[in-house]
Amino acid sequence: MEEAQVFSTIPRDLVRHVGVEPHSSSKAARFTEAYLKKCIQQPIRLDVKSILTHKAVILGYSRPKKDQTSWNSKKAKGLKARQKRRMKVFHVKPEHQRYELFLPLHKLWRQYIMDLCGGLKPTVNPQFVQQKLLKADFHGAIITVVRSKCPSYVGTTGILMQEFKHVFKIITEEDKVKVIPKRNSVFAVEIDSFVSHIYGNKFELRASERSAKKFKVKGTIDL
């Protein structure tokens, strides 16, 4: 469509029928300037012509608000500690508390440690192995209580079922579940004639927290 057709005047018969009087170019320019002055809220020193020439004027525009409901619904919400206890997430049923059921887990753990420590060759540096074991996952390891302030814990051996922040939960060969506190206890872990001792006072962390913690070399006071 040509520009002349777009800006052509209204025919006279249509003016009489609709009751609209077409404005001349000068009247249209004055109307536009007056309308812009009314729409501009803040006083600006520049005149309307310079605004139209150098700047785009937005009339009555408001930025739409973002929909936060869809974003919040996509966020994964984990269970709280109270909800986990109520749902018994960490509870092992009595029919599953058998030593033989955890032997495959122990085999997987041995293979995991061998891969982590590079095969545990005789020439391996013991300090290198200790640093790897500090951040390793011990679920499935056979641990033994070698020292404790509670004499009844000493000598307890079993496969580690669950590790919590303050306790080890192990199952013995007699299919008995023992809960051993980490504090004031020393544990031994043997992997292919390599024995490592775990001082429970330094291990009072969750497995996930321990994997990201930077341990400092400090002396340990014996029990």
# chains A, B, ... in the order shown; residues from 1 in each chain; ligands from 1
>>> residues_around(residues="Ser185 in chain A", least_positions_apart="4", cutoff="12 Å", atoms="only C-alpha atoms", output="PyMOL selection string")
chain A and resi 143-156+166-168+180-181+197-204+221-223
>>> residues_around(residues="Arg98 in chain A", least_positions_apart="5", cutoff="8 Å", atoms="only C-alpha atoms", output="list in words")
Ile171, Asp175 and Lys176 of chain A
>>> write_last_selection(atoms="C-alpha atoms", output="mmCIF file, in the first residue's frame")
data_model
loop_
_atom_site.group_PDB
_atom_site.id
_atom_site.type_symbol
_atom_site.label_atom_id
_atom_site.label_comp_id
_atom_site.auth_asym_id
_atom_site.auth_seq_id
_atom_site.Cartn_x
_atom_site.Cartn_y
_atom_site.Cartn_z
ATOM 1 C CA ILE A 171 26.129 -56.007 61.851
ATOM 2 C CA ASP A 175 23.303 -61.249 62.853
ATOM 3 C CA LYS A 176 23.247 -58.692 65.663
#
>>> closest_residue(among="A:Leu133, A:Ala207, A:Val89, A:Ala141", to="Ile170 in chain A", atoms="only C-alpha atoms")
A:Ala141
>>> residues_around(residues="Tyr99 in chain A", least_positions_apart="3", cutoff="9 Å", atoms="only C-alpha atoms", output="list in words")
His96, Phe102, Leu103, Gly158, Ile159, Ile171, Thr172, Glu173, Glu174, Asp175 and Lys176 of chain A
>>> residues_around(residues="Val129 in chain A", least_positions_apart="6", cutoff="10 Å", atoms="only C-alpha atoms", output="list in words")
Ile113, Leu116, Cys117, Gly118, Leu120, Phe194 and Ser196 of chain A
>>> closest_residue(among="A:Glu33, A:Glu100, A:Asp137, A:Glu95", to="Ala212 in chain A", atoms="only C-alpha atoms")
A:Asp137
>>> atom_distance(atom1="CA of Arg82 in chain A", atom2="CA of Lys165 in chain A")
15.8 Å
>>> closest_residue(among="A:Met87, A:Val189, A:Val195, A:Leu205", to="Phe164 in chain A", atoms="only C-alpha atoms")
A:Leu205
>>> atom_distance(atom1="CA of Phe128 in chain A", atom2="CA of Lys169 in chain A")
27.1 Å
>>> atom_distance(atom1="CA of Leu105 in chain A", atom2="CA of Leu160 in chain A")
9.6 Å
>>> select_by_dssp(residues="range 58-186 of chain A", states="alpha helix (DSSP H)", output="ChimeraX atom specification")
/A:68-74,81-87,103-116,126-134
